[in-house]
>>> print(open('final_28.txt').read())   # compact mmCIF, C-alpha atoms
# COMPACT_ATOMS: atom_id res chain seq x y z
CA MET A 299 0.37 -16.27 -3.16
CA ILE A 300 1.21 -13.42 -5.50
CA THR A 301 -0.78 -13.64 -8.70
CA GLU A 302 -0.41 -11.71 -11.93
CA TYR A 303 -3.62 -11.22 -13.86
CA ASP A 304 -5.02 -9.53 -16.87
CA ASP A 305 -8.74 -9.29 -16.12
CA GLU A 306 -10.59 -8.51 -12.91
CA PRO A 307 -13.97 -10.17 -12.35
CA VAL A 308 -14.32 -7.75 -9.44
CA ARG A 309 -12.40 -4.46 -9.24
CA GLY A 310 -9.26 -4.93 -7.19
CA LEU A 311 -9.72 -8.69 -6.77
CA PRO A 312 -8.30 -11.64 -8.72
CA GLY A 313 -11.63 -13.49 -8.62
CA GLU A 314 -15.24 -13.40 -7.55
CA LEU A 315 -15.86 -13.34 -3.82
CA PRO A 316 -16.63 -16.87 -2.63
CA GLN A 317 -19.89 -17.60 -0.88
CA GLY A 318 -19.87 -16.37 2.69
CA GLU A 319 -17.22 -13.67 2.12
CA THR A 320 -18.38 -10.06 2.08
CA LEU A 321 -16.78 -6.85 0.91
CA LEU A 322 -16.25 -4.46 3.84
CA TRP A 323 -14.21 -1.63 2.31
CA GLN A 324 -12.31 -0.64 -0.79
CA GLY A 325 -10.10 2.33 -1.49
CA SER A 326 -6.97 3.76 -3.08
CA PRO A 327 -4.21 6.15 -2.01
CA ASP A 328 -4.65 9.88 -2.41
CA TRP A 329 -1.93 10.63 -4.96
CA ARG A 330 -1.04 14.08 -3.61
CA LEU A 331 -0.69 12.74 -0.11
CA LEU A 332 1.25 9.76 -1.45
CA ALA A 333 3.65 12.08 -3.26
CA ARG A 334 4.36 14.00 -0.06
CA SER A 335 4.54 11.09 2.39
CA ALA A 336 6.11 8.29 0.31
CA PHE A 337 8.15 10.16 -2.31
CA PHE A 338 9.01 13.25 -0.21
CA THR A 339 8.22 15.76 -2.93
CA ARG A 340 8.21 18.66 -0.46
CA ILE A 341 11.66 17.76 0.86
CA VAL A 342 13.00 17.35 -2.67
CA GLY A 343 11.45 20.67 -3.65
CA LEU A 344 13.01 22.43 -0.64
CA TYR A 345 16.37 20.87 -1.46
CA PHE A 346 16.36 22.24 -4.99
CA ALA A 347 15.05 25.59 -3.72
CA ALA A 348 18.09 25.77 -1.43
CA LEU A 349 20.36 24.99 -4.37
CA VAL A 350 18.71 27.74 -6.42
CA ALA A 351 19.20 30.19 -3.55
CA LEU A 352 22.85 29.18 -3.34
CA ALA A 353 23.28 29.67 -7.10
CA ILE A 354 21.68 33.12 -6.83
CA TYR A 355 24.02 34.01 -3.95
CA ASN A 356 27.00 32.95 -6.06
CA GLY A 357 25.71 35.00 -8.98
CA SER A 358 25.51 32.02 -11.34
CA THR A 359 22.66 32.70 -13.74
CA GLY A 360 23.27 29.45 -15.60
CA GLY A 361 23.33 27.53 -12.34
CA VAL A 362 20.02 29.05 -11.26
CA ILE A 363 18.32 28.08 -14.51
CA ALA A 364 19.81 24.57 -14.63
CA THR A 365 18.99 23.86 -10.98
CA ALA A 366 15.44 25.19 -11.29
CA ILE A 367 14.80 23.03 -14.35
CA ALA A 368 16.29 19.95 -12.68
CA GLY A 369 14.21 20.54 -9.56
CA ALA A 370 11.00 21.01 -11.52
CA LEU A 371 11.65 17.84 -13.52
CA GLY A 372 12.54 15.84 -10.42
CA VAL A 373 9.47 16.87 -8.43
CA GLY A 374 7.29 16.52 -11.52
CA LEU A 375 8.45 12.96 -12.16
CA LEU A 376 7.89 11.99 -8.53
CA MET A 377 4.36 13.42 -8.62
CA LEU A 378 3.65 11.65 -11.90
CA TYR A 379 4.79 8.35 -10.42
CA ALA A 380 2.69 8.94 -7.30
CA TRP A 381 -0.32 9.54 -9.52
CA ALA A 382 0.36 6.33 -11.46
CA VAL A 383 0.76 4.32 -8.25
CA ALA A 384 -2.49 5.67 -6.81
CA ARG A 385 -4.34 5.09 -10.08
CA THR A 386 -3.30 1.41 -10.29
CA THR A 387 -3.65 0.58 -6.59
CA VAL A 388 -6.76 -0.84 -4.98
CA TYR A 389 -6.87 -1.88 -1.34
CA THR A 390 -9.69 -4.25 -0.38
CA LEU A 391 -10.92 -5.43 3.01
CA THR A 392 -13.29 -8.37 3.15
CA SER A 393 -14.62 -10.48 6.00
CA ARG A 394 -11.76 -12.95 5.37
CA ARG A 395 -8.73 -11.08 4.02
CA VAL A 396 -6.98 -7.90 2.99
CA VAL A 397 -6.10 -7.69 -0.70
CA LEU A 398 -3.53 -5.34 -2.19
CA ARG A 399 -3.77 -4.89 -5.94
CA ILE A 400 -0.56 -3.06 -6.75
CA GLY A 401 1.91 -2.49 -9.57
CA VAL A 402 2.24 0.23 -12.20
CA ALA A 403 3.90 -1.65 -15.04
CA LEU A 404 3.12 -5.16 -13.83
CA ASN A 405 -0.04 -5.65 -11.80
CA MET A 406 -0.11 -8.18 -9.00
CA CYS A 407 -2.55 -9.11 -6.28
CA ILE A 408 -1.45 -9.93 -2.72
CA ASN A 409 -3.89 -11.76 -0.45
CA LEU A 410 -3.42 -11.45 3.32
CA PRO A 411 -5.76 -13.68 5.37
CA LEU A 412 -7.11 -11.86 8.42
CA ALA A 413 -5.95 -14.80 10.55
CA LYS A 414 -2.37 -13.80 9.73
CA ILE A 415 -2.79 -10.14 10.73
CA GLY A 416 -1.72 -9.61 14.32
CA GLY A 417 -2.25 -5.86 14.45
CA ALA A 418 -2.05 -2.56 12.63
CA ASN A 419 -0.14 0.69 13.20
CA LEU A 420 -1.72 3.95 12.12
CA ARG A 421 0.58 6.79 11.09
CA PRO A 422 -1.48 9.99 10.91
CA LEU A 423 -0.81 12.28 7.96
CA GLY A 424 -3.65 14.70 8.61
CA PRO A 425 -6.96 15.05 10.46
CA THR A 426 -8.37 11.86 8.91
CA GLU A 427 -5.59 10.81 6.51
CA GLY A 428 -2.84 8.33 7.26
CA ASP A 429 -0.91 5.16 6.52
CA LEU A 430 -1.96 1.80 7.96
CA ALA A 431 0.84 -0.76 8.44
CA LEU A 432 -0.19 -4.39 8.91
CA GLN A 433 1.73 -6.54 11.39
CA LEU A 434 1.88 -10.12 10.12
CA ILE A 435 1.98 -13.18 12.35
CA GLY A 436 4.80 -15.66 11.75
CA PRO A 437 7.20 -15.96 8.81
CA HIS A 438 6.16 -14.95 5.31
CA ASN A 439 7.66 -14.68 1.86
CA LEU A 440 6.77 -11.08 1.07
CA GLY A 441 9.81 -9.11 -0.04
CA TYR A 442 10.26 -5.43 0.74
CA LEU A 443 10.98 -4.53 -2.87
CA VAL A 444 7.92 -6.46 -4.04
CA LEU A 445 5.72 -4.44 -1.69
CA TRP A 446 7.35 -1.01 -2.11
CA PRO A 447 5.99 1.63 -1.86
CA HIS A 448 3.23 -0.28 -0.06
CA ALA A 449 5.58 -1.27 2.76
CA ARG A 450 6.34 0.22 6.15
CA PRO A 451 9.62 2.18 5.86
CA TRP A 452 12.80 0.53 7.16
CA LYS A 453 11.13 -2.80 8.02
CA LEU A 454 13.50 -4.68 5.74
CA GLY A 455 13.99 -7.91 7.71
CA HIS A 456 10.30 -8.56 8.33
CA PRO A 457 8.40 -6.37 5.83
CA GLU A 458 4.99 -5.05 6.84
CA PRO A 459 2.46 -4.31 4.09
CA MET A 460 1.19 -0.75 4.34
CA LEU A 461 -2.02 0.79 3.05
CA ARG A 462 -0.65 4.12 1.93
CA ALA A 463 -2.08 7.65 2.00
CA LEU A 464 -5.62 6.68 2.94
CA PRO A 465 -8.07 9.60 3.08
CA ASP A 466 -10.05 7.75 5.80
CA ALA A 467 -7.28 5.84 7.59
CA ALA A 468 -8.86 5.82 11.06
CA VAL A 469 -12.14 4.47 9.71
CA VAL A 470 -10.33 1.73 7.78
CA GLY A 471 -8.35 0.81 10.90
CA GLU A 472 -11.55 0.42 12.91
CA ARG A 473 -13.16 -1.75 10.24
CA LEU A 474 -10.04 -3.89 10.03
CA ALA A 475 -9.98 -4.34 13.80
CA ARG A 476 -13.62 -5.46 13.83
CA ALA A 477 -13.04 -7.86 10.92
CA VAL A 478 -10.01 -9.45 12.61
CA ALA A 479 -11.90 -9.73 15.90
CA ALA A 480 -14.81 -11.41 14.13
CA ILE A 481 -12.69 -14.31 12.90
CA ALA A 482 -10.78 -14.77 16.17
CA PRO A 483 -13.09 -17.54 17.46
CA VAL A 484 -12.49 -19.64 14.34
CA ASP A 485 -10.88 -22.98 15.18
CA ARG A 486 -7.08 -22.75 14.92
CA ALA A 487 -6.84 -25.94 12.94
CA GLN A 488 -9.09 -24.46 10.29
CA GLN A 489 -6.87 -21.37 10.09
CA VAL A 490 -3.75 -23.47 9.63
CA SER A 491 -5.50 -25.58 6.99
CA ALA A 492 -6.63 -22.47 5.12
CA ALA A 493 -3.15 -20.93 5.29
CA ALA A 494 -1.75 -24.11 3.77
CA GLY A 495 -4.24 -23.86 0.94
CA GLU A 496 -6.08 -27.09 1.70
CA GLY A 497 -9.44 -26.99 0.02
CA VAL A 498 -9.16 -23.25 -0.56
CA PRO A 499 -9.45 -21.70 -4.04
CA ALA A 500 -6.11 -20.58 -5.46
CA HIS A 501 -7.01 -16.89 -5.32
CA LEU A 502 -7.68 -17.16 -1.57
CA GLN A 503 -4.38 -18.74 -0.58
CA GLY A 504 -2.44 -16.20 1.44
CA ALA A 505 0.77 -14.57 0.37
CA ILE A 506 2.14 -15.24 3.82
CA ALA A 507 1.37 -18.94 4.05
>>> encode(input="final_28.txt", output="structure tokens")
Amino acid sequence: MITEYDDEPVRGLPGELPQGETLLWQGSPDWRLLARSAFFTRIVGLYFAALVALAIYNGSTGGVIATAIAGALGVGLLMLYAWAVARTTVYTLTSRRVVLRIGVALNMCINLPLAKIGGANLRPLGPTEGDLALQLIGPHNLGYLVLWPHARPWKLGHPEPMLRALPDAAVVGERLARAVAAIAPVDRAQQVSAAAGEGVPAHLQGAIA
């Protein structure tokens, strides 16, 4: 279930953690890394640099100035948006779920029960940095545009939530793997019941039920 909220009893969560659920990790994207990997600021900058070089070659002083200004504004706006996304995003891993608190203008909270996570793909972006895409089991109602930019690129038919630009991506992946393994022995009937929201608080019902 996707829930809009105004107040957070716990940072990054739509409600207090229920008894028996523990917080394992919390983090946010690195905005500079997010700008480069999700919004391609380097590629955009190189594109405008090539246009400036072309304008210089053609001897167009006005073209050089206009292109340089447009490039600076374009890259600047992308970096500003990356900063806003990182500032308003909180990823949370608990012993029962992964929670994505996302949204710049309109905040929302997406709960993903660990029982519905079949695996994760790590895309390295540096020595320890990277993106972590979550593979979901079965059908779900998460739209690509709802998740973006927290979605694995080009997975439009079956969107995969992605924890973007994590400074400690490998560590988070290991903790996620251990958390998923820890709930594996849980009776399947209980998992199905929880996914359907039977007897589960509203803020724990999964977005992929």
>>> atom_distance(input="final_28.txt", atom1="atom CA of Ala336 of chain A", atom2="atom CA of Arg462 of chain A")
8.1 Å
>>> residues_around(input="final_28.txt", residues="Pro451 of chain A", least_positions_apart="5", cutoff="12 Å", atoms="only C-alpha atoms", output="list in words")
Ser335, Ala336, Phe337, Arg421, Asp429, Leu430, Ala431, Tyr442, Leu443, Leu445, Trp446, His456, Pro457, Glu458, Pro459, Met460 and Arg462 of chain A
>>> residues_around(input="final_28.txt", residues="Gly374 of chain A", least_positions_apart="5", cutoff="10 Å", atoms="only C-alpha atoms", output="VMD selection string")
chain A and resid 339 343 368 to 369 379 to 380
>>> residues_around(input="final_28.txt", residues="Glu427 of chain A", least_positions_apart="6", cutoff="10 Å", atoms="all atoms listed in the file", output="list in words")
Pro327, Asp328, Leu331, Leu420, Arg421, Arg462, Ala463, Leu464, Pro465, Asp466, Ala467, Ala468 and Val469 of chain A
>>> closest_residue(input="final_28.txt", among="A:Val342, A:Met406, A:Val350, A:Val362", to="Leu375 of chain A", atoms="all atoms listed in the file")
A:Val342
>>> closest_residue(input="final_28.txt", among="A:Leu432, A:Ala382, A:Leu376, A:Leu423", to="Ala403 of chain A", atoms="only C-alpha atoms")
A:Ala382
>>> closest_residue(input="final_28.txt", among="A:Arg394, A:Ile367, A:Gly428, A:Ala333", to="Phe346 of chain A", atoms="all atoms listed in the file")
A:Ile367
>>> closest_residue(input="final_28.txt", among="A:Thr392, A:Ala353, A:Gly436, A:Arg340", to="Glu314 of chain A", atoms="all atoms listed in the file")
A:Thr392
>>> atom_distance(input="final_28.txt", atom1="atom CA of Leu311 of chain A", atom2="atom CA of Tyr389 of chain A")
9.2 Å
>>> atom_distance(input="final_28.txt", atom1="atom CA of Leu391 of chain A", atom2="atom CA of Trp323 of chain A")
5.1 Å
>>> closest_residue(input="final_28.txt", among="A:His448, A:Arg399, A:Arg334, A:Arg385", to="Leu461 of chain A", atoms="only C-alpha atoms")
A:His448
>>> closest_residue(input="final_28.txt", among="A:Met377, A:Ala479, A:Leu349, A:Leu474", to="Asn419 of chain A", atoms="all atoms listed in the file")
A:Leu474
>>> residues_around(input="final_28.txt", residues="Ser393 of chain A", least_positions_apart="2", cutoff="12 Å", atoms="all atoms listed in the file", output="list of chain:residue names")
A:Leu315, A:Pro316, A:Gln317, A:Gly318, A:Glu319, A:Thr320, A:Leu321, A:Leu322, A:Trp323, A:Thr390, A:Leu391, A:Arg395, A:Val396, A:Val397, A:Leu410, A:Pro411, A:Leu412, A:Ala413, A:Arg473, A:Leu474, A:Ala475, A:Arg476, A:Ala477, A:Val478, A:Ala479, A:Ala480, A:Ile481, A:Ala482
>>> write_last_selection(input="final_28.txt", atoms="C-alpha atoms", output="short mmCIF file (atom, residue, chain, number, x, y, z; two decimals), in the coordinates of the input")
data_model
loop_
_atom_site.label_atom_id
_atom_site.label_comp_id
_atom_site.auth_asym_id
_atom_site.auth_seq_id
_atom_site.Cartn_x
_atom_site.Cartn_y
_atom_site.Cartn_z
CA LEU A 315 -15.86 -13.34 -3.82
CA PRO A 316 -16.63 -16.87 -2.63
CA GLN A 317 -19.89 -17.60 -0.88
CA GLY A 318 -19.87 -16.37 2.69
CA GLU A 319 -17.22 -13.67 2.12
CA THR A 320 -18.38 -10.06 2.08
CA LEU A 321 -16.78 -6.85 0.91
CA LEU A 322 -16.25 -4.46 3.84
CA TRP A 323 -14.21 -1.63 2.31
CA THR A 390 -9.69 -4.25 -0.38
CA LEU A 391 -10.92 -5.43 3.01
CA ARG A 395 -8.73 -11.08 4.02
CA VAL A 396 -6.98 -7.90 2.99
CA VAL A 397 -6.10 -7.69 -0.70
CA LEU A 410 -3.42 -11.45 3.32
CA PRO A 411 -5.76 -13.68 5.37
CA LEU A 412 -7.11 -11.86 8.42
CA ALA A 413 -5.95 -14.80 10.55
CA ARG A 473 -13.16 -1.75 10.24
CA LEU A 474 -10.04 -3.89 10.03
CA ALA A 475 -9.98 -4.34 13.80
CA ARG A 476 -13.62 -5.46 13.83
CA ALA A 477 -13.04 -7.86 10.92
CA VAL A 478 -10.01 -9.45 12.61
CA ALA A 479 -11.90 -9.73 15.90
CA ALA A 480 -14.81 -11.41 14.13
CA ILE A 481 -12.69 -14.31 12.90
CA ALA A 482 -10.78 -14.77 16.17
#
>>> decode(input="final_28.txt", residues="segment 452-463 of chain A", atoms="all heavy atoms", output="tab-separated table (two decimals), in the first residue's frame")
chain	number	residue	atom	x	y	z
A	452	TRP	N	14.72	0.76	-17.38
A	452	TRP	CA	14.19	-0.03	-18.49
A	452	TRP	C	13.34	-1.22	-18.07
A	452	TRP	O	12.87	-1.96	-18.93
A	452	TRP	CB	15.32	-0.51	-19.41
A	452	TRP	CG	16.24	0.59	-19.80
A	452	TRP	CD1	17.58	0.69	-19.51
A	452	TRP	CD2	15.92	1.79	-20.53
A	452	TRP	NE1	18.10	1.85	-20.00
A	452	TRP	CE2	17.11	2.55	-20.64
A	452	TRP	CE3	14.75	2.27	-21.11
A	452	TRP	CZ2	17.15	3.76	-21.29
A	452	TRP	CZ3	14.79	3.51	-21.75
A	452	TRP	CH2	15.98	4.22	-21.84
A	453	LYS	N	13.12	-1.43	-16.78
A	453	LYS	CA	12.23	-2.50	-16.33
A	453	LYS	C	10.81	-1.93	-16.26
A	453	LYS	O	10.25	-1.74	-15.17
A	453	LYS	CB	12.68	-3.03	-14.97
A	453	LYS	CG	13.97	-3.82	-15.00
A	453	LYS	CD	13.76	-5.19	-15.64
A	453	LYS	CE	15.01	-6.03	-15.57
A	453	LYS	NZ	14.80	-7.39	-16.12
A	454	LEU	N	10.22	-1.68	-17.42
A	454	LEU	CA	8.93	-1.00	-17.47
A	454	LEU	C	7.77	-1.97	-17.24
A	454	LEU	O	6.79	-1.62	-16.57
A	454	LEU	CB	8.75	-0.31	-18.83
A	454	LEU	CG	9.84	0.70	-19.21
A	454	LEU	CD1	9.55	1.28	-20.59
A	454	LEU	CD2	9.94	1.80	-18.17
A	455	GLY	N	7.85	-3.17	-17.77
A	455	GLY	CA	6.75	-4.12	-17.64
A	455	GLY	C	6.59	-4.67	-16.24
A	455	GLY	O	5.47	-4.89	-15.78
A	456	HIS	N	7.69	-4.91	-15.57
A	456	HIS	CA	7.67	-5.44	-14.20
A	456	HIS	C	8.68	-4.63	-13.40
A	456	HIS	O	9.80	-5.06	-13.17
A	456	HIS	CB	8.03	-6.92	-14.20
A	456	HIS	CG	7.78	-7.60	-12.89
A	456	HIS	ND1	6.52	-7.91	-12.43
A	456	HIS	CD2	8.64	-8.02	-11.92
A	456	HIS	CE1	6.60	-8.50	-11.26
A	456	HIS	NE2	7.88	-8.57	-10.93
A	457	PRO	N	8.29	-3.41	-12.97
A	457	PRO	CA	9.24	-2.50	-12.32
A	457	PRO	C	9.89	-3.12	-11.09
A	457	PRO	O	9.25	-3.85	-10.32
A	457	PRO	CB	8.37	-1.30	-11.94
A	457	PRO	CG	7.20	-1.35	-12.87
A	457	PRO	CD	6.94	-2.81	-13.08
A	458	GLU	N	11.17	-2.81	-10.91
A	458	GLU	CA	11.91	-3.25	-9.74
A	458	GLU	C	12.34	-2.03	-8.93
A	458	GLU	O	13.06	-1.17	-9.44
A	458	GLU	CB	13.14	-4.05	-10.15
A	458	GLU	CG	12.83	-5.35	-10.87
A	458	GLU	CD	14.07	-6.14	-11.23
A	458	GLU	OE1	15.18	-5.72	-10.83
A	458	GLU	OE2	13.95	-7.17	-11.91
A	459	PRO	N	11.89	-1.92	-7.68
A	459	PRO	CA	12.35	-0.82	-6.84
A	459	PRO	C	13.87	-0.86	-6.72
A	459	PRO	O	14.47	-1.93	-6.65
A	459	PRO	CB	11.67	-1.09	-5.49
A	459	PRO	CG	10.52	-1.98	-5.81
A	459	PRO	CD	10.95	-2.82	-6.97
A	460	MET	N	14.48	0.30	-6.70
A	460	MET	CA	15.94	0.38	-6.61
A	460	MET	C	16.36	1.36	-5.53
A	460	MET	O	15.87	2.49	-5.49
A	460	MET	CB	16.54	0.79	-7.96
A	460	MET	CG	18.04	0.98	-7.95
A	460	MET	SD	18.72	1.38	-9.59
A	460	MET	CE	18.96	-0.27	-10.24
A	461	LEU	N	17.23	0.91	-4.65
A	461	LEU	CA	17.85	1.79	-3.66
A	461	LEU	C	19.03	2.46	-4.36
A	461	LEU	O	20.03	1.81	-4.66
A	461	LEU	CB	18.30	1.00	-2.43
A	461	LEU	CG	17.26	0.04	-1.82
A	461	LEU	CD1	17.79	-0.55	-0.53
A	461	LEU	CD2	15.93	0.73	-1.58
A	462	ARG	N	18.91	3.74	-4.60
A	462	ARG	CA	19.83	4.45	-5.47
A	462	ARG	C	21.02	5.05	-4.73
A	462	ARG	O	20.89	5.57	-3.63
A	462	ARG	CB	19.08	5.58	-6.18
A	462	ARG	CG	18.19	5.15	-7.33
A	462	ARG	CD	19.00	4.97	-8.59
A	462	ARG	NE	18.17	4.96	-9.78
A	462	ARG	CZ	18.67	4.94	-11.01
A	462	ARG	NH1	19.96	4.97	-11.20
A	462	ARG	NH2	17.86	4.90	-12.05
A	463	ALA	N	22.17	5.01	-5.43
A	463	ALA	CA	23.37	5.77	-5.04
A	463	ALA	C	23.72	5.58	-3.57
A	463	ALA	O	23.94	6.55	-2.85
A	463	ALA	CB	23.18	7.25	-5.37
